[in-house]
$ cat target-v9.pdb   # PDB, C-alpha atoms
MODEL        1
ATOM      1  CA  MET A   1      -4.560 -11.611  -2.697
ATOM      2  CA  ALA A   2      -6.020  -8.462  -4.245
ATOM      3  CA  GLY A   3      -9.334 -10.238  -4.582
ATOM      4  CA  LEU A   4      -9.615 -10.577  -0.827
ATOM      5  CA  ALA A   5      -9.759  -6.818  -0.551
ATOM      6  CA  GLU A   6     -12.771  -6.499  -2.806
ATOM      7  CA  SER A   7     -15.201  -8.294  -0.540
ATOM      8  CA  GLY A   8     -16.851  -6.378   2.257
ATOM      9  CA  SER A   9     -17.746  -9.541   4.157
ATOM     10  CA  ASN A  10     -14.313 -10.544   5.430
ATOM     11  CA  PRO A  11     -12.791  -9.599   8.815
ATOM     12  CA  ASP A  12      -9.997  -7.612   7.183
ATOM     13  CA  VAL A  13     -12.405  -5.209   5.514
ATOM     14  CA  ASP A  14     -14.751  -5.133   8.497
ATOM     15  CA  LEU A  15     -11.898  -4.145  10.811
ATOM     16  CA  LEU A  16     -10.772  -1.545   8.271
ATOM     17  CA  TYR A  17     -14.190   0.125   8.380
ATOM     18  CA  ASP A  18     -14.360  -0.109  12.167
ATOM     19  CA  ILE A  19     -10.989   1.573  12.712
ATOM     20  CA  ASN A  20     -11.311   4.088   9.905
ATOM     21  CA  GLY A  21     -14.817   4.874  11.129
ATOM     22  CA  LEU A  22     -13.217   6.423  14.207
ATOM     23  CA  ALA A  23     -11.818   9.123  11.924
ATOM     24  CA  LYS A  24     -15.306  10.056  10.788
ATOM     25  CA  ASP A  25     -16.424  10.670  14.362
ATOM     26  CA  ALA A  26     -13.248  12.474  15.457
ATOM     27  CA  PRO A  27     -12.828  16.263  15.262
ATOM     28  CA  LEU A  28     -10.865  17.627  12.326
ATOM     29  CA  TRP A  29      -7.914  18.707  14.464
ATOM     30  CA  PHE A  30      -7.517  15.160  15.811
ATOM     31  CA  ASP A  31      -7.491  13.733  12.295
ATOM     32  CA  ARG A  32      -4.766  16.211  11.340
ATOM     33  CA  VAL A  33      -2.725  15.096  14.338
ATOM     34  CA  MET A  34      -3.197  11.430  13.420
ATOM     35  CA  GLU A  35      -2.231  12.212   9.842
ATOM     36  CA  TYR A  36       1.073  13.761  10.922
ATOM     37  CA  VAL A  37       1.763  11.117  13.565
ATOM     38  CA  GLY A  38       1.032   8.234  11.209
ATOM     39  CA  GLU A  39       2.954   9.656   8.260
ATOM     40  CA  TYR A  40       6.003  11.199   9.937
ATOM     41  CA  GLY A  41       5.764  11.453  13.720
ATOM     42  CA  ILE A  42       6.201   7.820  14.735
ATOM     43  CA  LEU A  43       9.057   7.285  12.281
ATOM     44  CA  LEU A  44      10.822  10.285  13.811
ATOM     45  CA  ALA A  45      10.048   9.096  17.343
ATOM     46  CA  THR A  46      11.524   5.666  16.556
ATOM     47  CA  VAL A  47      14.733   7.230  15.274
ATOM     48  CA  LEU A  48      14.962   9.413  18.382
ATOM     49  CA  LEU A  49      14.399   6.328  20.552
ATOM     50  CA  VAL A  50      17.353   4.605  18.888
ATOM     51  CA  LEU A  51      19.493   7.693  19.489
ATOM     52  CA  TRP A  52      18.363   7.834  23.123
ATOM     53  CA  CYS A  53      19.319   4.201  23.594
ATOM     54  CA  TRP A  54      22.709   4.874  21.988
ATOM     55  CA  LEU A  55      23.363   7.746  24.406
ATOM     56  CA  SER A  56      22.447   5.470  27.301
ATOM     57  CA  VAL A  57      24.745   2.680  26.085
ATOM     58  CA  ARG A  58      27.550   5.132  25.373
ATOM     59  CA  ARG A  59      27.270   6.770  28.790
ATOM     60  CA  ARG A  60      27.294   3.419  30.573
ATOM     61  CA  GLY A  61      30.215   1.939  28.657
ATOM     62  CA  GLY A  62      31.283  -1.524  29.743
ATOM     63  CA  ALA A  63      32.361  -4.655  27.928
ATOM     64  CA  GLU A  64      28.972  -5.055  26.238
ATOM     65  CA  ALA A  65      28.890  -1.544  24.771
ATOM     66  CA  PRO A  66      30.303  -2.522  21.333
ATOM     67  CA  ALA A  67      27.720  -5.293  20.915
ATOM     68  CA  SER A  68      24.919  -2.963  22.009
ATOM     69  CA  VAL A  69      26.009  -0.251  19.589
ATOM     70  CA  ALA A  70      26.307  -2.868  16.848
ATOM     71  CA  ALA A  71      22.680  -3.857  17.484
ATOM     72  CA  LEU A  72      21.632  -0.204  17.316
ATOM     73  CA  VAL A  73      23.441   0.195  13.992
ATOM     74  CA  TRP A  74      21.686  -2.936  12.771
ATOM     75  CA  ALA A  75      18.220  -1.523  13.580
ATOM     76  CA  PRO A  76      18.057   1.035  10.708
ATOM     77  CA  LEU A  77      19.962  -1.313   8.401
ATOM     78  CA  ALA A  78      17.344  -3.999   9.034
ATOM     79  CA  ALA A  79      14.586  -1.505   8.256
ATOM     80  CA  GLY A  80      16.260  -0.575   4.974
ATOM     81  CA  ILE A  81      16.740  -4.203   3.938
ATOM     82  CA  ALA A  82      13.126  -5.019   4.825
ATOM     83  CA  VAL A  83      11.847  -2.166   2.654
ATOM     84  CA  LEU A  84      13.964  -3.395  -0.263
ATOM     85  CA  ILE A  85      12.535  -6.897   0.164
ATOM     86  CA  ASN A  86       9.054  -5.387   0.185
ATOM     87  CA  VAL A  87       9.500  -3.939  -3.321
ATOM     88  CA  PRO A  88       9.105  -7.266  -5.167
ATOM     89  CA  ILE A  89       6.468  -8.411  -2.669
ATOM     90  CA  ARG A  90       4.290  -5.420  -3.504
ATOM     91  CA  GLY A  91       4.777  -5.984  -7.225
ATOM     92  CA  PHE A  92       3.868  -9.657  -6.909
ATOM     93  CA  VAL A  93       0.749  -9.210  -4.748
ATOM     94  CA  GLU A  94      -0.483  -6.035  -6.513
ATOM     95  CA  ARG A  95      -3.067  -5.196  -3.863
ATOM     96  CA  PRO A  96      -4.737  -1.812  -4.485
ATOM     97  CA  ARG A  97      -5.095   0.705  -1.704
ATOM     98  CA  PRO A  98      -8.337   0.154   0.251
ATOM     99  CA  PHE A  99      -9.884   3.460  -0.788
ATOM    100  CA  LEU A 100      -9.634   2.366  -4.432
ATOM    101  CA  SER A 101     -11.743  -0.728  -3.793
ATOM    102  CA  HIS A 102     -14.124   0.420  -1.052
ATOM    103  CA  GLU A 103     -16.387   3.420  -0.777
ATOM    104  CA  GLY A 104     -17.104   5.474   2.296
ATOM    105  CA  LEU A 105     -13.588   5.511   3.741
ATOM    106  CA  ASP A 106     -12.254   8.692   5.300
ATOM    107  CA  VAL A 107      -8.801   8.989   3.678
ATOM    108  CA  LEU A 108      -6.555  11.371   5.598
ATOM    109  CA  VAL A 109      -3.586  11.308   3.210
ATOM    110  CA  SER A 110      -3.818  11.895  -0.529
ATOM    111  CA  GLY A 111      -1.429  10.888  -3.277
ATOM    112  CA  LYS A 112      -1.050   7.219  -2.306
ATOM    113  CA  THR A 113      -1.037   5.472  -5.667
ATOM    114  CA  ASP A 114       1.300   2.532  -5.032
ATOM    115  CA  TYR A 115       0.217  -0.908  -3.906
ATOM    116  CA  SER A 116      -0.977  -1.531  -0.373
ATOM    117  CA  PHE A 117       0.539  -4.868   0.739
ATOM    118  CA  VAL A 118       2.694  -4.722   2.761
ATOM    119  CA  SER A 119       2.876  -1.423   4.650
ATOM    120  CA  ASP A 120       6.305   0.220   4.449
ATOM    121  CA  HIS A 121       5.639   2.254   7.599
ATOM    122  CA  ALA A 122       4.742  -0.855   9.601
ATOM    123  CA  THR A 123       7.747  -2.695   8.188
ATOM    124  CA  ILE A 124      10.218   0.074   9.038
ATOM    125  CA  THR A 125       9.002   0.753  12.554
ATOM    126  CA  MET A 126       8.806  -2.925  13.538
ATOM    127  CA  ALA A 127      12.216  -3.759  12.041
ATOM    128  CA  MET A 128      13.788  -0.906  13.995
ATOM    129  CA  ALA A 129      11.884  -1.876  17.146
ATOM    130  CA  VAL A 130      13.092  -5.480  16.978
ATOM    131  CA  GLY A 131      16.647  -4.322  16.265
ATOM    132  CA  LEU A 132      16.343  -2.031  19.268
ATOM    133  CA  PHE A 133      15.082  -4.945  21.362
ATOM    134  CA  VAL A 134      18.235  -6.873  20.480
ATOM    135  CA  ALA A 135      20.256  -4.017  21.997
ATOM    136  CA  ASN A 136      18.096  -3.260  25.017
ATOM    137  CA  ARG A 137      14.819  -4.869  26.095
ATOM    138  CA  LYS A 138      13.402  -1.771  27.791
ATOM    139  CA  PHE A 139      13.926   0.476  24.786
ATOM    140  CA  GLY A 140      12.824  -2.364  22.531
ATOM    141  CA  PHE A 141       9.441  -2.594  24.259
ATOM    142  CA  TYR A 142       8.991   1.153  23.748
ATOM    143  CA  GLY A 143       9.864   0.707  20.080
ATOM    144  CA  ILE A 144       7.384  -2.150  19.662
ATOM    145  CA  GLY A 145       4.711   0.038  21.247
ATOM    146  CA  LEU A 146       5.455   2.763  18.696
ATOM    147  CA  ALA A 147       5.296   0.221  15.868
ATOM    148  CA  LEU A 148       1.885  -1.010  17.005
ATOM    149  CA  LEU A 149       0.663   2.589  17.161
ATOM    150  CA  GLU A 150       2.007   3.146  13.652
ATOM    151  CA  GLY A 151       0.030   0.175  12.384
ATOM    152  CA  PHE A 152      -3.158   1.492  13.967
ATOM    153  CA  CYS A 153      -2.577   4.925  12.441
ATOM    154  CA  ARG A 154      -2.133   3.524   8.925
ATOM    155  CA  VAL A 155      -5.520   1.809   9.104
ATOM    156  CA  TYR A 156      -7.117   4.806  10.821
ATOM    157  CA  MET A 157      -5.881   6.999   7.965
ATOM    158  CA  GLY A 158      -7.580   4.731   5.422
ATOM    159  CA  VAL A 159      -4.421   3.940   3.442
ATOM    160  CA  HIS A 160      -3.877   0.305   4.510
ATOM    161  CA  TYR A 161      -5.822  -2.815   5.368
ATOM    162  CA  PRO A 162      -5.119  -4.394   8.764
ATOM    163  CA  THR A 163      -3.446  -7.337   7.007
ATOM    164  CA  ASP A 164      -1.103  -4.901   5.238
ATOM    165  CA  VAL A 165       0.051  -3.803   8.674
ATOM    166  CA  VAL A 166       0.329  -7.352  10.027
ATOM    167  CA  GLY A 167       2.352  -8.304   6.964
ATOM    168  CA  GLY A 168       4.650  -5.342   7.568
ATOM    169  CA  PHE A 169       5.135  -6.366  11.186
ATOM    170  CA  ALA A 170       5.973  -9.925  10.112
ATOM    171  CA  LEU A 171       8.412  -8.802   7.413
ATOM    172  CA  GLY A 172      10.202  -6.316   9.664
ATOM    173  CA  THR A 173      10.482  -8.842  12.496
ATOM    174  CA  ALA A 174      11.714 -11.634  10.222
ATOM    175  CA  VAL A 175      14.442  -9.522   8.649
ATOM    176  CA  ALA A 176      15.615  -8.040  11.949
ATOM    177  CA  LEU A 177      15.756 -11.418  13.724
ATOM    178  CA  LEU A 178      16.834 -13.836  11.011
ATOM    179  CA  LEU A 179      19.692 -11.661   9.762
ATOM    180  CA  SER A 180      20.685 -10.470  13.228
ATOM    181  CA  PRO A 181      23.316 -13.208  13.887
ATOM    182  CA  LEU A 182      25.120 -12.388  10.638
ATOM    183  CA  ALA A 183      24.806  -8.645  11.206
ATOM    184  CA  MET A 184      26.120  -8.876  14.759
ATOM    185  CA  ALA A 185      28.998 -11.107  13.669
ATOM    186  CA  LEU A 186      30.044  -8.423  11.193
ATOM    187  CA  LEU A 187      29.226  -5.271  13.135
ATOM    188  CA  THR A 188      30.418  -6.179  16.628
ATOM    189  CA  PRO A 189      34.127  -6.546  15.694
ATOM    190  CA  LEU A 190      33.846  -3.282  13.791
ATOM    191  CA  MET A 191      32.392  -1.503  16.825
ATOM    192  CA  LYS A 192      35.142  -2.990  19.011
ATOM    193  CA  ALA A 193      37.763  -1.655  16.627
ATOM    194  CA  ILE A 194      36.119   1.773  16.648
ATOM    195  CA  GLY A 195      35.955   1.657  20.436
ATOM    196  CA  ARG A 196      39.731   1.266  20.660
ATOM    197  CA  SER A 197      40.267   4.480  18.713
ATOM    198  CA  PRO A 198      41.048   7.527  20.896
ATOM    199  CA  ARG A 199      38.610   9.752  18.998
ATOM    200  CA  ALA A 200      36.149   7.479  17.208
ATOM    201  CA  GLY A 201      35.862   5.465  20.399
ATOM    202  CA  LEU A 202      33.647   8.216  21.803
ATOM    203  CA  LEU A 203      30.908   6.809  19.567
ATOM    204  CA  ILE A 204      30.987   3.629  21.648
ATOM    205  CA  ARG A 205      31.648   4.927  25.161
ATOM    206  CA  ALA A 206      31.627   8.314  26.832
ATOM    207  CA  ARG A 207      34.882  10.036  27.728
ATOM    208  CA  GLY A 208      36.310   8.604  30.940
ATOM    209  CA  THR A 209      34.363   5.334  30.727
ATOM    210  CA  SER A 210      36.320   2.166  30.028
ATOM    211  CA  TYR A 211      35.182  -1.164  28.599
ATOM    212  CA  ASP A 212      34.793  -2.600  32.082
ATOM    213  CA  GLY A 213      32.135   0.014  32.807
ATOM    214  CA  GLN A 214      34.293   1.874  35.371
ATOM    215  CA  ASP A 215      34.733   5.603  35.545
ATOM    216  CA  ALA A 216      38.303   6.741  34.907
ATOM    217  CA  VAL A 217      38.259   9.291  37.752
ATOM    218  CA  ILE A 218      36.358   7.388  40.443
ATOM    219  CA  PRO A 219      36.969   3.659  39.927
ATOM    220  CA  GLY A 220      33.837   1.589  40.438
ATOM    221  CA  ALA A 221      31.481   4.592  40.457
ATOM    222  CA  ARG A 222      29.622   3.429  37.346
ATOM    223  CA  LYS A 223      30.070  -0.268  37.783
ATOM    224  CA  GLU A 224      27.115  -0.805  40.114
ATOM    225  CA  ALA A 225      24.743   1.286  38.004
ATOM    226  CA  GLY A 226      25.940  -0.467  34.889
ATOM    227  CA  ALA A 227      25.226  -3.863  36.423
ATOM    228  CA  GLU A 228      21.652  -2.803  37.194
ATOM    229  CA  GLU A 229      20.942  -1.159  33.851
ATOM    230  CA  ARG A 230      22.763  -3.457  31.443
ATOM    231  CA  ASP A 231      20.142  -5.240  29.404
ATOM    232  CA  LEU A 232      21.673  -6.681  26.278
ATOM    233  CA  ALA A 233      19.278  -9.134  24.676
ATOM    234  CA  ALA A 234      21.572 -10.333  21.935
TER     235      ALA A 234
ENDMDL
END
$ encode --input "target-v9.pdb" --output "structure tokens"
Amino acid sequence: MAGLAESGSNPDVDLLYDINGLAKDAPLWFDRVMEYVGEYGILLATVLLVLWCWLSVRRRGGAEAPASVAALVWAPLAAGIAVLINVPIRGFVERPRPFLSHEGLDVLVSGKTDYSFVSDHATITMAMAVGLFVANRKFGFYGIGLALLEGFCRVYMGVHYPTDVVGGFALGTAVALLLSPLAMALLTPLMKAIGRSPRAGLLIRARGTSYDGQDAVIPGARKEAGAEERDLAA
């Protein structure tokens, strides 16, 4: 696999130079923005998106709230498991970073000495995006958009080949989807039990919102909105 990276005549390397070449033509301030966005910003934005979805699910309540919250809990767990699986994959493939094998790349982040395949950033963001999609399609599409942007940034920054990113997307998606039935079977009853607690139940549903999605003060006030917004994909 590492040998594929040493040839400049394959589409992977050609696309690497094309995307990273944009950094050479961009102003310095834009490269600094891309460096921060690709290294930290999108990861933070993905976490905030999960929290935003949780607030939406919690505010809406309803019978599907425990399953939705369980899917949101699964999103970061899936990302963590995918990264752990990537550890032996990286050691087996042993693909050097592109800037170690190819000259003329504009590397925006220094200190990257580990192996390149697969990209941890792409793996984490896509695993969380797919887990988010299980909870809510609308938020999931936003998450997938962030993951795709993350993949572009990693190549733009000169620290990954395009196939490193594609491999990360595949790994994150596989873990999030294939283990989702088991995760939901374990987490959903736990979230239901938490939801029945007077205090901890506020993690599942907002105060005054019952499992049938109705407001405790004005019966039926939230039911119609909940029917329009509910979008559980699990």
$ closest_residue --input "target-v9.pdb" --among "A:Leu171, A:Val13, A:Val155, A:Ala147" --to "A:Asn86" --atoms "only C-alpha atoms"
A:Leu171
$ resolve_selection --input "target-v9.pdb" --expression "the PyMOL selection byres ((chain A and resi 159) around 8)" --output "PDB file with C-alpha atoms, keeping the file's coordinate frame"
ATOM      1  CA  ARG A  97      -5.095   0.705  -1.704  1.00  0.00           C
ATOM      2  CA  PRO A  98      -8.337   0.154   0.251  1.00  0.00           C
ATOM      3  CA  PHE A  99      -9.884   3.460  -0.788  1.00  0.00           C
ATOM      4  CA  VAL A 107      -8.801   8.989   3.678  1.00  0.00           C
ATOM      5  CA  VAL A 109      -3.586  11.308   3.210  1.00  0.00           C
ATOM      6  CA  LYS A 112      -1.050   7.219  -2.306  1.00  0.00           C
ATOM      7  CA  SER A 116      -0.977  -1.531  -0.373  1.00  0.00           C
ATOM      8  CA  ARG A 154      -2.133   3.524   8.925  1.00  0.00           C
ATOM      9  CA  VAL A 155      -5.520   1.809   9.104  1.00  0.00           C
ATOM     10  CA  TYR A 156      -7.117   4.806  10.821  1.00  0.00           C
ATOM     11  CA  MET A 157      -5.881   6.999   7.965  1.00  0.00           C
ATOM     12  CA  GLY A 158      -7.580   4.731   5.422  1.00  0.00           C
ATOM     13  CA  HIS A 160      -3.877   0.305   4.510  1.00  0.00           C
ATOM     14  CA  TYR A 161      -5.822  -2.815   5.368  1.00  0.00           C
TER      15      TYR A 161
END
$ closest_atom_pairs --input "target-v9.pdb" --of "stretch 100-134 of chain A" --to "stretch 53-70 of chain A" --cutoff "10 Å" --atoms "all atoms listed in the file" --output "tab-separated table"
residue	atom	partner	partner_atom	distance
A:Gly131	CA	A:Ala70	CA	9.8
A:Leu132	CA	A:Cys53	CA	8.1
A:Val134	CA	A:Ser68	CA	7.9
$ atom_distance --input "target-v9.pdb" --atom1 "atom CA of A:Gly104" --atom2 "atom CA of A:Gly167"
24.3 Å
$ closest_residue --input "target-v9.pdb" --among "A:Phe92, A:Phe141, A:Tyr17, A:Phe169" --to "A:Tyr115" --atoms "all atoms listed in the file"
A:Phe92
$ closest_residue --input "target-v9.pdb" --among "A:Met191, A:Ile81, A:Leu48, A:Leu28" --to "A:Thr173" --atoms "only C-alpha atoms"
A:Ile81
$ atom_distance --input "target-v9.pdb" --atom1 "atom CA of A:Cys153" --atom2 "atom CA of A:Val37"
7.6 Å
$ axis_aligned_box --input "target-v9.pdb" --around "stretch 130-149 of chain A" --padding-each-side "4 Å" --output "AutoDock Vina command-line options"
--center_x 10.5 --center_y -2.1 --center_z 21.8 --size_x 27.6 --size_y 17.6 --size_z 19.9
$ atom_distance --input "target-v9.pdb" --atom1 "atom CA of A:Ile144" --atom2 "atom CA of A:Gly195"
28.8 Å
$ closest_residue --input "target-v9.pdb" --among "A:Leu182, A:Ala200, A:Ala129, A:Leu108" --to "A:Arg32" --atoms "only C-alpha atoms"
A:Leu108
$ closest_residue --input "target-v9.pdb" --among "A:Ser101, A:Ser197, A:Thr123, A:Asn136" --to "A:Ala170" --atoms "all atoms listed in the file"
A:Thr123
$ closest_residue --input "target-v9.pdb" --among "A:Gly111, A:Pro96, A:Pro76, A:Gly145" --to "A:Ala127" --atoms "all atoms listed in the file"
A:Pro76
$ decode --input "target-v9.pdb" --residues "stretch 61-72 of chain A" --atoms "N, CA and C atoms" --output "PDB file, in the first residue's frame"
ATOM      1  N   GLY A  61     -39.289  15.935  23.133  1.00  0.00           N
ATOM      2  CA  GLY A  61     -39.797  14.830  23.922  1.00  0.00           C
ATOM      3  C   GLY A  61     -40.419  13.768  23.038  1.00  0.00           C
ATOM      4  N   GLY A  62     -41.448  13.116  23.531  1.00  0.00           N
ATOM      5  CA  GLY A  62     -42.136  12.103  22.737  1.00  0.00           C
ATOM      6  C   GLY A  62     -41.623  10.707  22.990  1.00  0.00           C
ATOM      7  N   ALA A  63     -42.337   9.726  22.467  1.00  0.00           N
ATOM      8  CA  ALA A  63     -42.006   8.329  22.707  1.00  0.00           C
ATOM      9  C   ALA A  63     -40.672   7.924  22.081  1.00  0.00           C
ATOM     10  N   GLU A  64     -40.242   8.642  21.053  1.00  0.00           N
ATOM     11  CA  GLU A  64     -39.010   8.273  20.357  1.00  0.00           C
ATOM     12  C   GLU A  64     -37.783   8.970  20.938  1.00  0.00           C
ATOM     13  N   ALA A  65     -37.972   9.819  21.922  1.00  0.00           N
ATOM     14  CA  ALA A  65     -36.843  10.563  22.490  1.00  0.00           C
ATOM     15  C   ALA A  65     -35.748   9.654  23.044  1.00  0.00           C
ATOM     16  N   PRO A  66     -36.062   8.601  23.815  1.00  0.00           N
ATOM     17  CA  PRO A  66     -34.983   7.744  24.325  1.00  0.00           C
ATOM     18  C   PRO A  66     -34.147   7.108  23.218  1.00  0.00           C
ATOM     19  N   ALA A  67     -34.805   6.647  22.143  1.00  0.00           N
ATOM     20  CA  ALA A  67     -34.061   6.038  21.044  1.00  0.00           C
ATOM     21  C   ALA A  67     -33.194   7.074  20.330  1.00  0.00           C
ATOM     22  N   SER A  68     -33.714   8.291  20.181  1.00  0.00           N
ATOM     23  CA  SER A  68     -32.938   9.349  19.542  1.00  0.00           C
ATOM     24  C   SER A  68     -31.725   9.728  20.372  1.00  0.00           C
ATOM     25  N   VAL A  69     -31.912   9.849  21.676  1.00  0.00           N
ATOM     26  CA  VAL A  69     -30.787  10.175  22.557  1.00  0.00           C
ATOM     27  C   VAL A  69     -29.782   9.028  22.567  1.00  0.00           C
ATOM     28  N   ALA A  70     -30.269   7.793  22.522  1.00  0.00           N
ATOM     29  CA  ALA A  70     -29.368   6.649  22.463  1.00  0.00           C
ATOM     30  C   ALA A  70     -28.494   6.713  21.209  1.00  0.00           C
ATOM     31  N   ALA A  71     -29.091   7.100  20.078  1.00  0.00           N
ATOM     32  CA  ALA A  71     -28.319   7.235  18.844  1.00  0.00           C
ATOM     33  C   ALA A  71     -27.286   8.348  18.958  1.00  0.00           C
ATOM     34  N   LEU A  72     -27.640   9.429  19.644  1.00  0.00           N
ATOM     35  CA  LEU A  72     -26.696  10.534  19.825  1.00  0.00           C
ATOM     36  C   LEU A  72     -25.550  10.129  20.750  1.00  0.00           C
TER      37      LEU A  72
END
